[in-house]
file coords09.json (JSON, C-alpha atoms)
[["chain", "number", "residue", "atom", "x", "y", "z"],
["M", 1, "MET", "CA", -24.73, 22.00, -20.28],
["M", 2, "GLN", "CA", -23.53, 18.42, -20.56],
["M", 3, "ILE", "CA", -20.37, 17.14, -18.92],
["M", 4, "ILE", "CA", -19.09, 13.61, -18.27],
["M", 5, "VAL", "CA", -18.45, 12.61, -14.67],
["M", 6, "ASN", "CA", -16.86, 9.23, -13.98],
["M", 7, "GLY", "CA", -18.02, 8.06, -17.38],
["M", 8, "GLU", "CA", -21.63, 9.21, -16.88],
["M", 9, "GLN", "CA", -23.38, 12.07, -18.71],
["M", 10, "GLN", "CA", -24.32, 14.81, -16.27],
["M", 11, "GLU", "CA", -26.37, 17.96, -16.75],
["M", 12, "VAL", "CA", -25.11, 21.03, -14.87],
["M", 13, "PRO", "CA", -25.94, 24.75, -15.11],
["M", 14, "ALA", "CA", -23.55, 26.97, -17.08],
["M", 15, "ASN", "CA", -20.66, 28.41, -15.04],
["M", 16, "THR", "CA", -20.79, 25.60, -12.47],
["M", 17, "HIS", "CA", -17.55, 25.34, -10.50],
["M", 18, "VAL", "CA", -16.13, 22.17, -9.00],
["M", 19, "LEU", "CA", -17.50, 22.74, -5.48],
["M", 20, "GLN", "CA", -21.00, 23.25, -6.90],
["M", 21, "LEU", "CA", -20.69, 20.06, -8.93],
["M", 22, "LEU", "CA", -19.68, 18.13, -5.80],
["M", 23, "LYS", "CA", -22.65, 19.59, -3.95],
["M", 24, "GLN", "CA", -25.01, 18.65, -6.79],
["M", 25, "LEU", "CA", -23.65, 15.07, -6.66],
["M", 26, "LYS", "CA", -23.86, 15.02, -2.82],
["M", 27, "ILE", "CA", -20.12, 14.34, -2.55],
["M", 28, "SER", "CA", -18.26, 15.79, 0.41],
["M", 29, "PRO", "CA", -15.09, 17.57, -0.81],
["M", 30, "GLU", "CA", -12.90, 15.96, 1.86],
["M", 31, "ARG", "CA", -10.81, 12.87, 1.07],
["M", 32, "ILE", "CA", -11.60, 12.90, -2.62],
["M", 33, "ALA", "CA", -9.72, 14.11, -5.65],
["M", 34, "VAL", "CA", -10.87, 15.70, -8.88],
["M", 35, "GLU", "CA", -9.39, 15.57, -12.34],
["M", 36, "ILE", "CA", -10.66, 17.57, -15.32],
["M", 37, "ASN", "CA", -9.57, 16.46, -18.79],
["M", 38, "LEU", "CA", -6.62, 14.55, -17.26],
["M", 39, "THR", "CA", -5.43, 17.50, -15.14],
["M", 40, "VAL", "CA", -5.57, 17.14, -11.36],
["M", 41, "ILE", "CA", -7.40, 20.05, -9.74],
["M", 42, "ASN", "CA", -5.88, 21.37, -6.55],
["M", 43, "ARG", "CA", -8.53, 21.39, -3.82],
["M", 44, "GLU", "CA", -7.79, 25.04, -2.98],
["M", 45, "VAL", "CA", -9.14, 26.11, -6.37],
["M", 46, "TYR", "CA", -12.31, 23.95, -6.55],
["M", 47, "HIS", "CA", -14.42, 27.08, -6.09],
["M", 48, "ALA", "CA", -12.57, 28.94, -8.83],
["M", 49, "THR", "CA", -12.52, 26.18, -11.42],
["M", 50, "ILE", "CA", -15.41, 26.67, -13.83],
["M", 51, "LEU", "CA", -16.56, 23.65, -15.84],
["M", 52, "LYS", "CA", -17.01, 23.77, -19.59],
["M", 53, "GLU", "CA", -19.38, 21.93, -21.91],
["M", 54, "GLY", "CA", -18.06, 18.43, -22.64],
["M", 55, "ASP", "CA", -15.48, 18.37, -19.82],
["M", 56, "HIS", "CA", -14.37, 14.90, -18.75],
["M", 57, "ILE", "CA", -14.30, 14.82, -14.98],
["M", 58, "GLU", "CA", -13.02, 12.09, -12.69],
["M", 59, "ILE", "CA", -13.86, 12.11, -9.00],
["M", 60, "ILE", "CA", -12.01, 9.51, -6.96],
["M", 61, "SER", "CA", -11.90, 8.32, -3.40],
["M", 62, "PHE", "CA", -10.18, 5.54, -1.50],
["M", 63, "ILE", "CA", -11.56, 2.03, -1.24],
["M", 64, "GLY", "CA", -10.43, -1.24, 0.30],
["M", 65, "GLY", "CA", -7.50, -2.72, -1.56],
["M", 66, "GLY", "CA", -4.07, -4.00, -0.79],
["M", 67, "ALA", "CA", -2.31, -5.95, -3.35],
["M", 68, "HIS", "CA", -3.96, -5.60, -6.70],
["M", 69, "ALA", "CA", -7.68, -5.03, -6.37],
["M", 70, "GLY", "CA", -9.60, -6.21, -9.43],
["R", 1, "MET", "CA", 19.69, -5.85, 24.74],
["R", 2, "PRO", "CA", 19.71, -4.20, 21.29],
["R", 3, "VAL", "CA", 17.08, -1.48, 21.24],
["R", 4, "ASP", "CA", 15.02, -1.35, 18.09],
["R", 5, "THR", "CA", 14.68, 1.91, 16.23],
["R", 6, "PRO", "CA", 11.30, 2.51, 14.61],
["R", 7, "LEU", "CA", 10.84, 1.86, 10.92],
["R", 8, "ASN", "CA", 11.20, 5.16, 9.09],
["R", 9, "ILE", "CA", 9.96, 5.70, 5.56],
["R", 10, "GLY", "CA", 10.72, 9.00, 3.86],
["R", 11, "GLY", "CA", 11.09, 10.73, 7.22],
["R", 12, "ILE", "CA", 7.85, 9.28, 8.64],
["R", 13, "PRO", "CA", 8.29, 7.09, 11.75],
["R", 14, "PHE", "CA", 6.17, 3.93, 11.98],
["R", 15, "ARG", "CA", 5.09, 2.28, 15.23],
["R", 16, "SER", "CA", 4.56, -1.11, 13.62],
["R", 17, "ARG", "CA", 6.61, -2.99, 11.05],
["R", 18, "LEU", "CA", 3.45, -4.48, 9.63],
["R", 19, "ILE", "CA", 1.55, -2.60, 6.93],
["R", 20, "VAL", "CA", -1.84, -4.03, 6.03],
["R", 21, "GLY", "CA", -4.14, -3.86, 3.05],
["R", 22, "THR", "CA", -7.84, -3.12, 3.25],
["R", 23, "GLY", "CA", -9.19, -5.29, 0.43],
["R", 24, "LYS", "CA", -11.19, -8.51, 0.42],
["R", 25, "TYR", "CA", -12.87, -8.05, 3.81],
["R", 26, "THR", "CA", -16.58, -8.80, 4.16],
["R", 27, "SER", "CA", -17.37, -5.45, 5.79],
["R", 28, "PHE", "CA", -15.75, -2.19, 6.86],
["R", 29, "GLU", "CA", -16.39, -3.23, 10.45],
["R", 30, "GLU", "CA", -14.33, -6.40, 9.93],
["R", 31, "THR", "CA", -11.62, -4.37, 8.17],
["R", 32, "LYS", "CA", -11.41, -2.02, 11.14],
["R", 33, "LYS", "CA", -11.23, -4.81, 13.72],
["R", 34, "ALA", "CA", -8.60, -6.73, 11.75],
["R", 35, "ILE", "CA", -6.43, -3.63, 11.40],
["R", 36, "GLU", "CA", -6.70, -2.98, 15.12],
["R", 37, "ALA", "CA", -5.72, -6.58, 15.91],
["R", 38, "SER", "CA", -2.76, -6.39, 13.51],
["R", 39, "GLY", "CA", -1.23, -3.48, 15.43],
["R", 40, "ALA", "CA", -0.42, -1.79, 12.12],
["R", 41, "ASP", "CA", -0.38, 2.00, 12.02],
["R", 42, "CYS", "CA", -0.25, 2.22, 8.24],
["R", 43, "VAL", "CA", -2.85, 0.86, 5.82],
["R", 44, "THR", "CA", -2.85, 0.74, 2.07],
["R", 45, "VAL", "CA", -5.95, 1.74, 0.11],
["R", 46, "ALA", "CA", -6.91, 1.64, -3.55],
["R", 47, "VAL", "CA", -7.94, 4.64, -5.64],
["R", 48, "ARG", "CA", -11.27, 4.29, -7.43],
["R", 49, "ARG", "CA", -14.04, 6.39, -8.96],
["R", 50, "VAL", "CA", -16.68, 7.66, -6.54],
["R", 51, "ASN", "CA", -20.02, 6.04, -7.34],
["R", 52, "ILE", "CA", -21.97, 9.11, -8.42],
["R", 53, "LEU", "CA", -25.20, 7.18, -9.02],
["R", 54, "ASP", "CA", -25.47, 5.67, -5.55],
["R", 55, "ARG", "CA", -24.41, 8.01, -2.76],
["R", 56, "SER", "CA", -25.61, 5.69, 0.00],
["R", 57, "GLU", "CA", -22.35, 3.75, -0.12],
["R", 58, "GLU", "CA", -20.22, 4.04, 2.98],
["R", 59, "ASN", "CA", -16.67, 5.36, 2.81],
["R", 60, "LEU", "CA", -13.76, 3.22, 4.01],
["R", 61, "LEU", "CA", -12.10, 6.27, 5.57],
["R", 62, "ASP", "CA", -15.09, 6.71, 7.89],
["R", 63, "TYR", "CA", -13.85, 3.51, 9.52],
["R", 64, "ILE", "CA", -10.10, 3.94, 9.08],
["R", 65, "ASP", "CA", -9.47, 7.42, 10.43],
["R", 66, "PRO", "CA", -6.59, 9.13, 8.57],
["R", 67, "LYS", "CA", -5.84, 11.03, 11.78],
["R", 68, "ILE", "CA", -5.02, 7.73, 13.48],
["R", 69, "TYR", "CA", -3.62, 5.69, 10.60],
["R", 70, "LYS", "CA", -1.07, 6.60, 7.98],
["R", 71, "ILE", "CA", -2.82, 6.11, 4.64],
["R", 72, "LEU", "CA", -0.77, 4.58, 1.86],
["R", 73, "PRO", "CA", -2.64, 4.94, -1.45],
["R", 74, "ASN", "CA", -1.72, 2.29, -3.99],
["R", 75, "THR", "CA", -1.83, 2.07, -7.76],
["R", 76, "ALA", "CA", -3.17, -1.48, -7.74],
["R", 77, "GLY", "CA", -4.70, -2.45, -11.04],
["R", 78, "CYS", "CA", -2.47, -0.16, -13.13],
["R", 79, "TYR", "CA", -0.77, -1.79, -16.10],
["R", 80, "THR", "CA", 1.18, 1.17, -17.50],
["R", 81, "ALA", "CA", 3.48, 3.82, -16.04],
["R", 82, "GLU", "CA", 1.06, 6.52, -17.27],
["R", 83, "GLU", "CA", -1.92, 5.00, -15.45],
["R", 84, "ALA", "CA", 0.10, 4.55, -12.26],
["R", 85, "ILE", "CA", 1.44, 8.12, -12.37],
["R", 86, "ARG", "CA", -2.04, 9.52, -13.01],
["R", 87, "THR", "CA", -3.48, 7.49, -10.13],
["R", 88, "ALA", "CA", -0.66, 8.55, -7.78],
["R", 89, "ARG", "CA", -1.14, 12.24, -8.59],
["R", 90, "LEU", "CA", -4.89, 12.00, -8.02],
["R", 91, "ALA", "CA", -4.34, 10.16, -4.75],
["R", 92, "ARG", "CA", -1.94, 12.80, -3.48],
["R", 93, "SER", "CA", -4.31, 15.63, -4.35],
["R", 94, "ALA", "CA", -6.87, 14.13, -1.95],
["R", 95, "GLY", "CA", -4.58, 15.67, 0.63],
["R", 96, "ILE", "CA", -4.05, 12.82, 3.05],
["R", 97, "SER", "CA", -0.71, 11.34, 2.01],
["R", 98, "ASP", "CA", 2.44, 11.97, -0.03],
["R", 99, "MET", "CA", 3.23, 8.26, 0.00],
["R", 100, "VAL", "CA", 2.36, 5.93, -2.84],
["R", 101, "LYS", "CA", 2.61, 2.15, -3.01],
["R", 102, "LEU", "CA", 3.57, 2.01, -6.63],
["R", 103, "GLU", "CA", 2.36, -1.01, -8.55],
["R", 104, "VAL", "CA", 2.69, -1.40, -12.29],
["R", 105, "ILE", "CA", 1.46, -4.87, -13.10],
["R", 106, "GLY", "CA", 2.91, -6.67, -16.08],
["R", 107, "ASP", "CA", 0.66, -9.70, -16.33],
["R", 108, "LYS", "CA", -2.83, -10.63, -15.07],
["R", 109, "ARG", "CA", -2.12, -14.27, -14.26],
["R", 110, "THR", "CA", 1.00, -13.80, -12.11],
["R", 111, "LEU", "CA", 0.50, -10.14, -11.14],
["R", 112, "PHE", "CA", 4.26, -9.81, -11.45],
["R", 113, "PRO", "CA", 5.45, -6.23, -11.84],
["R", 114, "ASP", "CA", 6.45, -4.62, -15.13],
["R", 115, "ASN", "CA", 9.80, -3.47, -13.82],
["R", 116, "GLU", "CA", 10.68, -1.28, -16.78],
["R", 117, "ALA", "CA", 7.47, 0.73, -16.38],
["R", 118, "LEU", "CA", 7.85, 0.67, -12.59],
["R", 119, "LEU", "CA", 11.29, 2.23, -12.81],
["R", 120, "GLU", "CA", 10.06, 4.95, -15.15],
["R", 121, "ALA", "CA", 7.10, 5.78, -12.88],
["R", 122, "THR", "CA", 9.35, 5.75, -9.78],
["R", 123, "LYS", "CA", 11.73, 8.28, -11.38],
["R", 124, "ILE", "CA", 8.93, 10.67, -12.31],
["R", 125, "LEU", "CA", 7.01, 10.45, -9.03],
["R", 126, "ALA", "CA", 10.13, 10.73, -6.85],
["R", 127, "LYS", "CA", 11.08, 13.90, -8.75],
["R", 128, "GLU", "CA", 7.61, 15.26, -8.00],
["R", 129, "GLY", "CA", 8.25, 14.77, -4.29],
["R", 130, "PHE", "CA", 6.30, 11.57, -3.71],
["R", 131, "ILE", "CA", 7.47, 9.07, -1.11],
["R", 132, "VAL", "CA", 7.58, 6.12, -3.47],
["R", 133, "LEU", "CA", 7.20, 2.54, -2.23],
["R", 134, "PRO", "CA", 7.57, 0.37, -5.33],
["R", 135, "TYR", "CA", 6.32, -3.23, -5.50],
["R", 136, "THR", "CA", 8.97, -5.22, -7.36],
["R", 137, "ASN", "CA", 10.47, -8.66, -7.90],
["R", 138, "ASP", "CA", 13.06, -10.12, -5.55],
["R", 139, "ASP", "CA", 15.73, -8.88, -7.94],
["R", 140, "PRO", "CA", 18.73, -7.13, -6.32],
["R", 141, "ILE", "CA", 19.69, -5.28, -9.51],
["R", 142, "MET", "CA", 16.19, -3.91, -9.91],
["R", 143, "ALA", "CA", 16.18, -2.94, -6.23],
["R", 144, "ARG", "CA", 19.35, -0.91, -6.73],
["R", 145, "LYS", "CA", 17.93, 0.81, -9.82],
["R", 146, "LEU", "CA", 14.76, 1.72, -7.93],
["R", 147, "VAL", "CA", 16.78, 3.27, -5.12],
["R", 148, "ASP", "CA", 18.85, 5.23, -7.67],
["R", 149, "ALA", "CA", 15.54, 6.43, -9.17],
["R", 150, "GLY", "CA", 14.51, 7.82, -5.80],
["R", 151, "ALA", "CA", 12.44, 5.05, -4.17],
["R", 152, "ALA", "CA", 12.06, 5.56, -0.40],
["R", 153, "VAL", "CA", 11.92, 1.81, 0.19],
["R", 154, "VAL", "CA", 11.98, -1.29, -1.93],
["R", 155, "MET", "CA", 9.14, -3.77, -1.68],
["R", 156, "PRO", "CA", 10.13, -7.12, -3.15],
["R", 157, "LEU", "CA", 7.51, -9.83, -3.45],
["R", 158, "ALA", "CA", 8.15, -12.98, -1.44],
["R", 159, "ALA", "CA", 5.84, -14.97, -3.71],
["R", 160, "PRO", "CA", 3.05, -14.02, -6.13],
["R", 161, "ILE", "CA", 0.35, -11.69, -4.76],
["R", 162, "GLY", "CA", -2.31, -13.61, -2.87],
["R", 163, "SER", "CA", -0.50, -16.94, -3.33],
["R", 164, "GLY", "CA", 0.31, -17.52, 0.34],
["R", 165, "LEU", "CA", 3.44, -19.44, -0.70],
["R", 166, "GLY", "CA", 5.68, -17.70, 1.83],
["R", 167, "ILE", "CA", 9.28, -16.56, 1.36],
["R", 168, "ARG", "CA", 10.24, -18.41, -1.84],
["R", 169, "ASN", "CA", 13.72, -17.02, -2.21],
["R", 170, "PRO", "CA", 15.19, -15.90, 1.12],
["R", 171, "TYR", "CA", 18.66, -15.71, -0.44],
["R", 172, "ASN", "CA", 17.61, -13.06, -2.95],
["R", 173, "ILE", "CA", 15.95, -11.08, -0.18],
["R", 174, "GLN", "CA", 19.23, -11.29, 1.75],
["R", 175, "ILE", "CA", 21.23, -10.12, -1.27],
["R", 176, "ILE", "CA", 18.81, -7.19, -1.69],
["R", 177, "MET", "CA", 19.45, -6.26, 1.94],
["R", 178, "GLU", "CA", 23.18, -6.24, 1.32],
["R", 179, "THR", "CA", 22.76, -4.27, -1.90],
["R", 180, "ILE", "CA", 20.69, -1.29, -0.82],
["R", 181, "SER", "CA", 20.51, 0.98, 2.21],
["R", 182, "VAL", "CA", 16.82, 1.98, 2.18],
["R", 183, "PRO", "CA", 14.27, -0.12, 4.11],
["R", 184, "ILE", "CA", 13.08, -3.38, 2.58],
["R", 185, "ILE", "CA", 9.42, -4.20, 3.01],
["R", 186, "VAL", "CA", 8.36, -7.64, 1.84],
["R", 187, "ASP", "CA", 5.19, -7.12, -0.16],
["R", 188, "ALA", "CA", 3.02, -10.06, -1.13],
["R", 189, "GLY", "CA", 3.23, -13.80, -0.80],
["R", 190, "VAL", "CA", 2.96, -14.26, 2.96],
["R", 191, "GLY", "CA", 0.53, -17.03, 3.93],
["R", 192, "THR", "CA", 0.69, -17.36, 7.68],
["R", 193, "ALA", "CA", 2.39, -16.00, 10.79],
["R", 194, "SER", "CA", 5.55, -18.10, 10.45],
["R", 195, "ASP", "CA", 6.13, -16.65, 6.96],
["R", 196, "ALA", "CA", 6.00, -13.18, 8.48],
["R", 197, "ALA", "CA", 8.43, -14.24, 11.20],
["R", 198, "ILE", "CA", 10.83, -15.74, 8.64],
["R", 199, "ALA", "CA", 10.89, -12.52, 6.61],
["R", 200, "MET", "CA", 11.59, -10.48, 9.73],
["R", 201, "GLU", "CA", 14.26, -12.93, 10.96],
["R", 202, "LEU", "CA", 16.06, -12.40, 7.66],
["R", 203, "GLY", "CA", 16.35, -8.75, 8.64],
["R", 204, "CYS", "CA", 13.64, -7.22, 6.48],
["R", 205, "ASP", "CA", 12.45, -3.89, 7.82],
["R", 206, "GLY", "CA", 8.77, -4.61, 7.46],
["R", 207, "ILE", "CA", 6.04, -6.57, 5.73],
["R", 208, "LEU", "CA", 2.98, -5.54, 3.79],
["R", 209, "MET", "CA", 0.14, -8.02, 3.51],
["R", 210, "ASN", "CA", -3.54, -8.18, 2.71],
["R", 211, "THR", "CA", -4.83, -11.53, 1.50],
["R", 212, "ALA", "CA", -3.14, -13.60, 4.23],
["R", 213, "ILE", "CA", -5.25, -11.76, 6.80],
["R", 214, "ALA", "CA", -8.43, -10.89, 4.90],
["R", 215, "GLY", "CA", -8.65, -14.33, 3.30],
["R", 216, "ALA", "CA", -8.13, -16.32, 6.52],
["R", 217, "GLU", "CA", -11.10, -18.17, 8.00],
["R", 218, "ASN", "CA", -10.94, -15.77, 10.91],
["R", 219, "PRO", "CA", -9.31, -12.56, 9.67],
["R", 220, "ILE", "CA", -9.25, -10.81, 13.05],
["R", 221, "GLN", "CA", -7.51, -13.75, 14.72],
["R", 222, "MET", "CA", -5.04, -14.01, 11.84],
["R", 223, "ALA", "CA", -4.35, -10.28, 12.08],
["R", 224, "GLU", "CA", -3.34, -10.78, 15.70],
["R", 225, "ALA", "CA", -1.19, -13.77, 14.71],
["R", 226, "MET", "CA", 0.58, -11.62, 12.11],
["R", 227, "ASN", "CA", 1.11, -8.93, 14.73],
["R", 228, "TYR", "CA", 2.95, -11.50, 16.89],
["R", 229, "GLY", "CA", 4.70, -13.10, 13.92],
["R", 230, "VAL", "CA", 6.22, -9.82, 12.77],
["R", 231, "ARG", "CA", 7.24, -8.83, 16.28],
["R", 232, "ALA", "CA", 8.64, -12.27, 17.11],
["R", 233, "GLY", "CA", 10.65, -12.32, 13.90],
["R", 234, "ARG", "CA", 12.01, -8.84, 14.48],
["R", 235, "LEU", "CA", 13.00, -9.64, 18.07],
["R", 236, "ALA", "CA", 14.68, -12.86, 16.97],
["R", 237, "TYR", "CA", 16.61, -10.95, 14.31],
["R", 238, "LEU", "CA", 17.79, -8.39, 16.87],
["R", 239, "ALA", "CA", 18.56, -11.08, 19.45],
["R", 240, "GLY", "CA", 20.85, -12.96, 17.05],
["R", 241, "ARG", "CA", 20.10, -16.63, 16.58],
["R", 242, "ILE", "CA", 22.49, -19.48, 17.38],
["R", 243, "PRO", "CA", 24.45, -20.90, 14.47],
["R", 244, "LYS", "CA", 23.10, -24.09, 12.90],
["R", 245, "LYS", "CA", 25.22, -27.19, 13.67],
["R", 246, "LEU", "CA", 25.08, -30.70, 12.30],
["R", 247, "TYR", "CA", 25.53, -32.47, 15.66],
["R", 248, "ALA", "CA", 23.96, -32.12, 19.06],
["R", 249, "GLN", "CA", 25.34, -29.82, 21.70],
["R", 250, "ALA", "CA", 24.15, -30.63, 25.23],
["R", 251, "SER", "CA", 22.45, -27.78, 26.98],
["R", 252, "SER", "CA", 22.97, -29.24, 30.48],
["R", 253, "PRO", "CA", 26.46, -29.33, 32.06],
["R", 254, "ILE", "CA", 28.12, -32.77, 32.40],
["R", 255, "GLU", "CA", 29.81, -31.71, 35.62],
["R", 256, "GLY", "CA", 28.15, -32.97, 38.84],
["R", 257, "MET", "CA", 26.36, -35.89, 37.20],
["R", 258, "ILE", "CA", 25.58, -38.75, 39.61],
["R", 259, "GLU", "CA", 27.95, -41.64, 39.24]]

call {"tool": "encode", "arguments": {"input": "coords09.json", "output": "structure tokens"}}
result
Amino acid sequence: MQIIVNGEQQEVPANTHVLQLLKQLKISPERIAVEINLTVINREVYHATILKEGDHIEIISFIGGGAHAG
Amino acid sequence: MPVDTPLNIGGIPFRSRLIVGTGKYTSFEETKKAIEASGADCVTVAVRRVNILDRSEENLLDYIDPKIYKILPNTAGCYTAEEAIRTARLARSAGISDMVKLEVIGDKRTLFPDNEALLEATKILAKEGFIVLPYTNDDPIMARKLVDAGAAVVMPLAAPIGSGLGIRNPYNIQIIMETISVPIIVDAGVGTASDAAIAMELGCDGILMNTAIAGAENPIQMAEAMNYGVRAGRLAYLAGRIPKKLYAQASSPIEGMIE
């Protein structure tokens, strides 16, 4: 099924949960955060949060920035 | 000698009164060395999308260990309360900090804050248990409103972000100090070490800076200078300076002069 991750189309198997998506994208689950359709997903439930067709997912991390980056 | 008590923000004690940004450095290695030289134990970081197409990119937090440094996520680049709140919530869910340096920018050219939106976001995030550090103008009324809304500190700008103009209105900063009881961290506008010292001599509780260090010809050296500047200013504030007088006052006794 198709989902959108950080603005990019992404193909994932049906019933993929958040941890599996992170593994597919080679993203370590530490020090990142995940939002699905504008709702923040608690890291304790990554494994229990099943993605649905067309979900909008944001995966963020921390980058250099102090006072107004970009 | 007056003993200094550590800066405390939302129940978290700080070793240094200098908080540094992590933007505009040429490499993570340089960022790390500059932070070490600054003596800061708290660094602010921006929240951005992970690059899912190129996973070879290094992660800032591999260089700045969250076990050693307090991480202060910021909402830099947010222009509405909604965006800033969303960014803050995401940042907190990463599980490394309940603090947020709250920025809601009102205008691209000046990067001055949108205080109305800032106040709204502060209220909501403070209610959700965030330790909110709002970036604001040097406006004492706004400072009081932010504290009433639950801000843990108030962070007035000394001059526009990245301008290096120094402390443009020390009198307003002083009035803010008399108006509110939470710590005051000067955020933005510092250009060089003497600016940092001036802010601390006024009695500010701390300073946050990025560009003044990262943009210097030698960032690591400037970081060390800022370390001294902040400490010198704080010590001078605690020591209590002499009053300013119009005329000279001899420092050597007249008694015993040769005649």

call {"tool": "interface_residues", "arguments": {"input": "coords09.json", "of": "chain M", "to": "chain R", "cutoff": "6 Å", "atoms": "only C-alpha atoms", "output": "VMD selection string"}}
result
chain M and resid 31 to 33 59 to 66 68 to 69

call {"tool": "write_last_selection", "arguments": {"input": "coords09.json", "atoms": "C-alpha atoms", "output": "PDB file, in the frame of the given file"}}
result
ATOM      1  CA  ARG M  31     -10.810  12.870   1.070  1.00  0.00           C
ATOM      2  CA  ILE M  32     -11.600  12.900  -2.620  1.00  0.00           C
ATOM      3  CA  ALA M  33      -9.720  14.110  -5.650  1.00  0.00           C
ATOM      4  CA  ILE M  59     -13.860  12.110  -9.000  1.00  0.00           C
ATOM      5  CA  ILE M  60     -12.010   9.510  -6.960  1.00  0.00           C
ATOM      6  CA  SER M  61     -11.900   8.320  -3.400  1.00  0.00           C
ATOM      7  CA  PHE M  62     -10.180   5.540  -1.500  1.00  0.00           C
ATOM      8  CA  ILE M  63     -11.560   2.030  -1.240  1.00  0.00           C
ATOM      9  CA  GLY M  64     -10.430  -1.240   0.300  1.00  0.00           C
ATOM     10  CA  GLY M  65      -7.500  -2.720  -1.560  1.00  0.00           C
ATOM     11  CA  GLY M  66      -4.070  -4.000  -0.790  1.00  0.00           C
ATOM     12  CA  HIS M  68      -3.960  -5.600  -6.700  1.00  0.00           C
ATOM     13  CA  ALA M  69      -7.680  -5.030  -6.370  1.00  0.00           C
TER      14      ALA M  69
END

call {"tool": "atom_distance", "arguments": {"input": "coords09.json", "atom1": "atom CA of R:Gly240", "atom2": "atom CA of R:Leu165"}}
result
25.7 Å

call {"tool": "closest_residue", "arguments": {"input": "coords09.json", "among": "R:Ala143, R:Ala158, R:Ile198, R:Val190", "to": "R:Ile213", "atoms": "all atoms listed in the file"}}
result
R:Val190

call {"tool": "residues_near_point", "arguments": {"input": "coords09.json", "point": "(-14.7, 25.9, -8.5)", "cutoff": "9 Å", "atoms": "all atoms listed in the file", "output": "PyMOL selection string"}}
result
chain M and resi 16-21+43-51

call {"tool": "atom_distance", "arguments": {"input": "coords09.json", "atom1": "atom CA of R:Leu119", "atom2": "atom CA of R:Ala84"}}
result
11.4 Å

call {"tool": "atom_distance", "arguments": {"input": "coords09.json", "atom1": "atom CA of R:Ala196", "atom2": "atom CA of R:Ala121"}}
result
28.6 Å

call {"tool": "closest_residue", "arguments": {"input": "coords09.json", "among": "M:Leu22, M:Pro29, M:Glu53, M:Ile36", "to": "M:Gln9", "atoms": "only C-alpha atoms"}}
result
M:Glu53

call {"tool": "closest_residue", "arguments": {"input": "coords09.json", "among": "R:Asn227, R:Leu118, R:Pro183, R:Gly256", "to": "R:Pro6", "atoms": "only C-alpha atoms"}}
result
R:Pro183

call {"tool": "residues_around", "arguments": {"input": "coords09.json", "residues": "M:Met1", "least_positions_apart": "2", "cutoff": "8 Å", "atoms": "all atoms listed in the file", "output": "list in words"}}
result
Ile3, Glu11, Val12, Pro13, Ala14, Lys52, Glu53 and Gly54 of chain M
